[in-house]
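The structure file input_28.cif is reproduced below (mmCIF, C-alpha atoms).
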data_entry
loop_
_atom_site.label_atom_id
_atom_site.label_comp_id
_atom_site.auth_asym_id
_atom_site.auth_seq_id
_atom_site.Cartn_x
_atom_site.Cartn_y
_atom_site.Cartn_z
CA MET T 1 -7.14 192.83 -28.53
CA ALA T 2 -6.46 192.76 -24.82
CA SER T 3 -2.91 193.94 -25.45
CA LEU T 4 -4.03 197.17 -27.08
CA GLY T 5 -3.28 200.14 -24.88
CA PHE T 6 -6.29 201.91 -26.31
CA ALA T 7 -8.53 199.42 -24.47
CA ASN T 8 -7.28 200.75 -21.13
CA PRO T 9 -9.66 203.50 -19.88
CA THR T 10 -6.83 205.41 -18.19
CA ARG T 11 -4.72 205.52 -21.34
CA PHE T 12 -7.76 206.38 -23.39
CA HIS T 13 -8.49 209.26 -21.01
CA ARG T 14 -5.02 210.71 -21.61
CA LEU T 15 -5.27 210.21 -25.37
CA SER T 16 -8.73 211.77 -25.57
CA ALA T 17 -7.51 214.86 -23.75
CA ARG T 18 -5.15 215.53 -26.67
CA LEU T 19 -7.66 214.63 -29.39
CA THR T 20 -10.71 216.53 -28.14
CA PRO T 21 -9.65 220.13 -29.02
CA PRO T 22 -8.59 219.48 -32.66
CA VAL T 23 -11.63 217.29 -33.30
CA GLY T 24 -13.90 220.01 -31.90
CA TRP T 25 -12.32 222.74 -34.01
CA ALA T 26 -12.48 220.58 -37.14
CA ALA T 27 -16.15 219.84 -36.49
CA ALA T 28 -16.90 223.54 -36.09
CA ALA T 29 -15.06 224.39 -39.32
CA PHE T 30 -16.85 221.76 -41.42
CA LEU T 31 -20.25 222.67 -39.97
CA LEU T 32 -19.67 226.38 -40.53
CA VAL T 33 -18.71 225.89 -44.17
CA GLY T 34 -21.31 223.19 -44.84
CA PHE T 35 -24.21 225.07 -43.28
CA GLY T 36 -23.12 228.41 -44.69
CA TRP T 37 -22.88 226.98 -48.18
CA GLY T 38 -26.04 224.91 -47.88
CA PHE T 39 -28.39 227.36 -46.17
CA ILE T 40 -27.15 230.55 -47.88
CA LEU T 41 -25.22 229.90 -51.08
CA SER T 42 -26.68 226.71 -52.56
CA PRO T 43 -29.46 227.15 -55.16
CA PRO T 44 -33.11 226.41 -54.35
CA ASP T 45 -34.65 223.25 -55.76
CA TYR T 46 -36.78 223.66 -58.88
CA GLN T 47 -39.68 221.82 -57.21
CA GLN T 48 -39.16 222.24 -53.46
CA HIS T 49 -37.72 225.76 -53.67
CA ASP T 50 -36.04 226.96 -50.45
CA SER T 51 -37.65 224.26 -48.30
CA VAL T 52 -35.03 221.88 -49.67
CA ARG T 53 -32.41 223.59 -47.49
CA ILE T 54 -33.58 221.61 -44.47
CA MET T 55 -31.87 218.70 -46.23
CA TYR T 56 -28.49 219.94 -44.96
CA LEU T 57 -29.68 219.30 -41.41
CA HIS T 58 -32.06 216.39 -41.92
CA VAL T 59 -29.96 214.07 -44.08
CA PRO T 60 -26.74 214.20 -41.98
CA SER T 61 -28.85 213.68 -38.85
CA ALA T 62 -30.44 210.59 -40.37
CA TRP T 63 -27.06 209.26 -41.48
CA MET T 64 -25.59 209.81 -38.03
CA ALA T 65 -28.58 208.19 -36.33
CA MET T 66 -27.73 204.95 -38.14
CA PHE T 67 -23.94 205.34 -37.90
CA VAL T 68 -23.97 205.86 -34.14
CA TYR T 69 -26.20 202.83 -33.60
CA VAL T 70 -23.83 200.65 -35.63
CA PHE T 71 -20.99 202.05 -33.50
CA ILE T 72 -22.87 201.13 -30.32
CA ALA T 73 -23.58 197.62 -31.62
CA LEU T 74 -19.88 197.16 -32.43
CA MET T 75 -18.86 198.35 -28.96
CA SER T 76 -21.50 196.08 -27.44
CA ALA T 77 -20.13 193.06 -29.28
CA MET T 78 -16.62 193.90 -28.10
CA TYR T 79 -17.85 194.23 -24.53
CA LEU T 80 -19.72 190.93 -24.55
CA ILE T 81 -16.80 189.06 -26.14
CA TRP T 82 -13.77 190.62 -24.42
CA ARG T 83 -15.37 192.34 -21.40
CA HIS T 84 -13.43 195.55 -22.07
CA ALA T 85 -14.73 198.31 -19.82
CA LEU T 86 -13.84 200.94 -22.43
CA ALA T 87 -16.25 199.36 -24.94
CA ASP T 88 -19.09 199.73 -22.45
CA ILE T 89 -18.01 203.29 -21.65
CA LEU T 90 -18.04 204.27 -25.33
CA ALA T 91 -21.41 202.61 -25.98
CA ARG T 92 -22.92 204.30 -22.94
CA ALA T 93 -21.44 207.66 -23.98
CA ALA T 94 -22.67 207.36 -27.57
CA ALA T 95 -26.29 206.40 -26.88
CA PRO T 96 -27.64 209.85 -25.86
CA VAL T 97 -25.84 211.44 -28.82
CA GLY T 98 -27.37 208.93 -31.21
CA ALA T 99 -30.80 209.45 -29.69
CA THR T 100 -30.42 213.20 -30.24
CA PHE T 101 -29.46 212.70 -33.89
CA THR T 102 -32.47 210.41 -34.36
CA ALA T 103 -34.88 212.86 -32.75
CA LEU T 104 -33.43 215.66 -34.88
CA ALA T 105 -33.90 213.54 -38.02
CA LEU T 106 -37.54 212.88 -37.10
CA ILE T 107 -38.26 216.54 -36.29
CA THR T 108 -36.60 217.97 -39.39
CA GLY T 109 -38.16 215.24 -41.51
CA SER T 110 -41.58 216.26 -40.20
CA LEU T 111 -40.86 219.91 -41.00
CA TRP T 112 -39.73 218.92 -44.48
CA GLY T 113 -42.60 216.53 -45.04
CA LYS T 114 -45.38 219.00 -44.24
CA PRO T 115 -44.95 221.16 -47.39
CA MET T 116 -44.05 218.13 -49.53
CA TRP T 117 -46.63 215.59 -48.39
CA GLY T 118 -49.23 217.82 -46.76
CA ALA T 119 -48.82 215.98 -43.43
CA TRP T 120 -46.46 216.22 -40.47
CA TRP T 121 -46.25 212.43 -40.13
CA VAL T 122 -47.13 209.33 -42.13
CA TRP T 123 -46.77 205.75 -40.94
CA ASP T 124 -44.64 204.56 -43.82
CA ALA T 125 -41.77 202.09 -43.52
CA ARG T 126 -38.92 204.62 -43.40
CA LEU T 127 -40.41 206.92 -40.78
CA THR T 128 -41.71 204.08 -38.62
CA SER T 129 -38.36 202.25 -38.63
CA VAL T 130 -36.55 205.46 -37.64
CA LEU T 131 -39.03 205.91 -34.79
CA VAL T 132 -38.24 202.34 -33.71
CA LEU T 133 -34.56 203.33 -33.78
CA LEU T 134 -35.28 206.16 -31.34
CA PHE T 135 -37.00 203.69 -29.01
CA LEU T 136 -33.98 201.38 -29.25
CA TYR T 137 -31.70 204.24 -28.21
CA LEU T 138 -33.95 205.13 -25.29
CA GLY T 139 -34.12 201.47 -24.28
CA HIS T 140 -30.33 201.21 -24.33
CA ILE T 141 -30.02 204.30 -22.14
CA ALA T 142 -32.66 203.01 -19.72
CA LEU T 143 -31.16 199.52 -19.42
CA SER T 144 -27.65 200.90 -18.92
CA ASN T 145 -28.88 202.71 -15.82
CA ALA T 146 -31.58 200.32 -14.63
CA PHE T 147 -29.46 198.10 -12.37
CA ASP T 148 -27.35 198.74 -9.30
CA ASP T 149 -24.89 196.25 -10.76
CA ARG T 150 -23.17 198.22 -13.53
CA GLU T 151 -22.01 195.09 -15.35
CA ARG T 152 -25.51 193.63 -15.43
CA GLY T 153 -26.84 196.82 -16.97
CA ALA T 154 -24.01 196.87 -19.49
CA ARG T 155 -24.68 193.27 -20.57
CA THR T 156 -28.43 193.81 -20.91
CA ALA T 157 -27.99 197.03 -22.91
CA ALA T 158 -25.37 195.37 -25.13
CA ILE T 159 -27.73 192.50 -25.96
CA LEU T 160 -30.48 194.98 -26.86
CA ALA T 161 -28.07 196.88 -29.12
CA LEU T 162 -27.10 193.71 -30.98
CA VAL T 163 -30.70 192.58 -31.39
CA GLY T 164 -31.72 196.02 -32.61
CA ILE T 165 -29.06 196.12 -35.33
CA VAL T 166 -31.52 194.35 -37.65
CA ASN T 167 -33.42 197.65 -37.81
CA ILE T 168 -30.56 199.44 -39.61
CA PRO T 169 -30.89 197.64 -42.97
CA ILE T 170 -34.66 198.02 -42.67
CA ILE T 171 -34.21 201.80 -42.42
CA LYS T 172 -31.72 201.88 -45.27
CA PHE T 173 -33.64 199.71 -47.74
CA SER T 174 -37.22 200.41 -46.67
CA VAL T 175 -37.76 202.77 -49.61
CA ASP T 176 -36.67 200.00 -51.98
CA TRP T 177 -38.56 197.13 -50.34
CA TRP T 178 -41.91 198.88 -49.80
CA ALA T 179 -43.94 201.65 -51.40
CA THR T 180 -43.38 204.76 -49.27
CA LEU T 181 -43.81 208.49 -49.54
CA HIS T 182 -40.16 208.94 -48.62
CA GLN T 183 -37.94 209.64 -51.62
CA PRO T 184 -35.32 207.00 -52.53
CA SER T 185 -31.63 207.50 -51.86
CA SER T 186 -30.03 210.19 -54.01
CA VAL T 187 -26.48 210.08 -52.60
CA LEU T 188 -25.49 206.54 -51.56
CA ARG T 189 -26.29 204.74 -54.81
CA LEU T 190 -24.41 202.12 -56.82
CA ASP T 191 -24.81 204.20 -59.97
CA GLY T 192 -23.59 207.38 -58.26
CA PRO T 193 -25.35 210.36 -56.68
CA THR T 194 -28.29 211.91 -58.50
CA ILE T 195 -28.06 215.20 -56.63
CA HIS T 196 -26.29 218.14 -58.29
CA ALA T 197 -22.79 219.02 -57.08
CA THR T 198 -23.92 222.47 -55.88
CA MET T 199 -26.08 220.66 -53.32
CA LEU T 200 -24.02 217.51 -52.87
CA VAL T 201 -20.81 219.23 -51.75
CA PRO T 202 -22.33 221.25 -48.87
CA LEU T 203 -24.35 218.18 -47.88
CA LEU T 204 -21.20 216.08 -47.61
CA LEU T 205 -19.38 218.86 -45.76
CA SER T 206 -22.23 219.00 -43.26
CA ALA T 207 -22.13 215.22 -42.90
CA VAL T 208 -18.39 215.31 -42.15
CA GLY T 209 -19.05 218.07 -39.62
CA PHE T 210 -21.75 215.99 -37.93
CA THR T 211 -19.42 212.98 -37.80
CA LEU T 212 -16.61 215.00 -36.23
CA TYR T 213 -19.09 216.56 -33.81
CA PHE T 214 -20.19 213.08 -32.74
CA PHE T 215 -16.61 212.04 -31.98
CA PHE T 216 -16.00 215.34 -30.17
CA VAL T 217 -18.99 214.81 -27.87
CA LEU T 218 -18.17 211.11 -27.55
CA LEU T 219 -14.69 211.93 -26.28
CA LEU T 220 -16.06 214.44 -23.78
CA ARG T 221 -18.75 212.07 -22.49
CA ALA T 222 -16.37 209.10 -22.33
CA ARG T 223 -13.84 211.11 -20.33
CA SER T 224 -16.58 212.17 -17.92
CA GLU T 225 -17.72 208.55 -17.55
CA ILE T 226 -14.18 207.39 -16.80
CA ILE T 227 -13.77 210.07 -14.13
CA GLU T 228 -17.14 209.17 -12.63
CA ARG T 229 -16.17 205.49 -12.44
CA LYS T 230 -12.88 206.34 -10.76
CA ILE T 231 -14.66 208.46 -8.17
CA HIS T 232 -17.21 205.69 -7.59
CA ALA T 233 -14.46 203.07 -7.16
CA ARG T 234 -12.57 205.33 -4.74
CA ARG T 235 -15.68 205.86 -2.62
CA LEU T 236 -16.28 202.11 -2.52
CA ARG T 237 -12.73 201.51 -1.31
CA GLN T 238 -13.10 204.19 1.36
CA SER T 239 -16.41 202.77 2.58
CA GLU T 240 -14.96 199.26 2.74
CA GLY T 241 -11.89 200.53 4.55
#
As structure tokens, the full file:
Amino acid sequence: MASLGFANPTRFHRLSARLTPPVGWAAAAFLLVGFGWGFILSPPDYQQHDSVRIMYLHVPSAWMAMFVYVFIALMSAMYLIWRHALADILARAAAPVGATFTALALITGSLWGKPMWGAWWVWDARLTSVLVLLFLYLGHIALSNAFDDRERGARTAAILALVGIVNIPIIKFSVDWWATLHQPSSVLRLDGPTIHATMLVPLLLSAVGFTLYFFFVLLLRARSEIIERKIHARRLRQSEG
């Protein structure tokens, strides 16, 4: 692992400079097609009518909220085991993006739940576990910046990320383990999706767009973090000199 050039922040910075533009354009293309198809061209649901269209924003946000946290946990494990600075940089860069996806999932879920359930919020297992996920993101961000010693903050945040990973299967399977108002999965099922193709295709296109958008922002934030660390190291050398 240590021999991989990708693990070097300087080499990663050069590589990300080449990857950022095409990833950004691809994200924009998928989101444009997915949202255009979903919000304008897809048919209304026979029960939920046009309110179902919020699905094209809510579901990918919820998926990304979990995906980004798993990514952070993986980077945290790599940092704790191999002490690669790039792993900490990527985890630190991803956390605010994941928190944004989680907040967006909660907000759009509330907007979707009001006409369906008659309430903006219910304390069921799925919603509560997603709220816990938001707190885990905020805790990771806070701990990463809570210490003057950057490595101490990175270790503490990494431990929190690994402990919090147990919440991901709770979110995923909460609708199967407990009685909740939240509908069960209709896409990621062993027996195949139960959603019609006219809704499934734009939903998947939107999800791909959200995933590419995450990596686009991740590359931008990671590059900024690398530059900031270089400036900080240079100032330390100048002050010591």
Kindly provide the residues of range 132-172 of chain T that approach range 82-104 of chain T to within 9 Å, each paired with its closest atom pair and their distance in Å to one decimal, based on all atoms listed in the file, listed by chain and increasing number, as a tab-separated table.
residue	atom	partner	partner_atom	distance
T:Leu133	CA	T:Thr102	CA	7.4
T:Leu134	CA	T:Ala99	CA	5.8
T:Phe135	CA	T:Ala99	CA	8.5
T:Leu136	CA	T:Ala99	CA	8.7
T:Tyr137	CA	T:Ala99	CA	5.5
T:Leu138	CA	T:Ala99	CA	6.9
T:His140	CA	T:Ala95	CA	7.1
T:Ile141	CA	T:Ala95	CA	6.4
T:Ser144	CA	T:Arg92	CA	7.1
T:Glu151	CA	T:Asp88	CA	9.0
T:Ala154	CA	T:Asp88	CA	6.4
T:Arg155	CA	T:Asp88	CA	8.7
T:Ala157	CA	T:Arg92	CA	8.9
T:Ala158	CA	T:Asp88	CA	8.1
Evaluate the PyMOL selection byres ((chain T and resi 50-63) around 7) on the structure here and hand back the selected residues as a PyMOL selection string.
-> chain T and resi 35+38-39+44-45+48-49+64-67+101-102+104-105+108-109+112+203+206-207+210
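Considering the residues T:Leu31, T:Leu15, T:Ile72, T:Ile40 and counting all atoms listed in the file, Ile159 in chain T has its shortest atom-to-atom contact with T:Ile72.
Taking CA of Glu225 in chain T and CA of Asn167 in chain T as the two end points, the separation is 27.9 Å.
Checking T:Val163, T:Val23, T:Leu236, T:Leu127 one by one against Gly209 in chain T, counting all atoms listed in the file, you find the shortest gap at T:Val23.
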If we count only C-alpha atoms and set the cut-off at 12 Å, which residues sit around Val122 in chain T, ignoring sequence neighbours fewer than 4 positions away in its own chain? Please answer as a compact mmCIF listing (two decimals) with C-alpha atoms, keeping the file's coordinate frame.
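Result written to out23.txt:
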# COMPACT_ATOMS: atom_id res chain seq x y z
CA LEU T 106 -37.54 212.88 -37.10
CA GLY T 109 -38.16 215.24 -41.51
CA SER T 110 -41.58 216.26 -40.20
CA GLY T 113 -42.60 216.53 -45.04
CA LYS T 114 -45.38 219.00 -44.24
CA MET T 116 -44.05 218.13 -49.53
CA TRP T 117 -46.63 215.59 -48.39
CA GLY T 118 -49.23 217.82 -46.76
CA ARG T 126 -38.92 204.62 -43.40
CA LEU T 127 -40.41 206.92 -40.78
CA THR T 128 -41.71 204.08 -38.62
CA SER T 129 -38.36 202.25 -38.63
CA LEU T 131 -39.03 205.91 -34.79
CA THR T 180 -43.38 204.76 -49.27
CA LEU T 181 -43.81 208.49 -49.54
CA HIS T 182 -40.16 208.94 -48.62
Output, as lines of an AutoDock Vina configuration file, the centre and edge lengths in Å (one decimal) of the axis-aligned box that contains all listed atoms of range 117-124 of chain T with 5 Å of margin on each side.
center_x = -46.9
center_y = 211.2
center_z = -44.3
size_x = 14.6
size_y = 23.3
size_z = 18.3
Can you list, as a PyMOL selection string, every protein, DNA or RNA residue that comes within 8 Å of Val33 in chain T when you count all atoms listed in the file, leaving out same-chain residues fewer than 3 positions away?
-> chain T and resi 29-30+36-37+202+205-206
Expressed in Å, the length from CA of Leu19 in chain T to CA of Leu32 in chain T is 20.2 Å
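CA of Ile226 in chain T is positioned 10.7 Å from CA of Arg11 in chain T.
With only C-alpha atoms as the atoms that count, the minimum distance from Ala17 in chain T to the choices T:Lys230, T:His196, T:Lys172, T:Arg221 is reached by T:Arg221.
With all atoms listed in the file as the atoms that count, the minimum distance from Phe215 in chain T to the choices T:Thr20, T:Gln238, T:Ser76, T:Thr10 is reached by T:Thr20.
Across T:Ile171, T:Leu162, T:Ala27, T:Ile231, the tightest approach to Leu74 in chain T is made by T:Leu162 when counting all atoms listed in the file.
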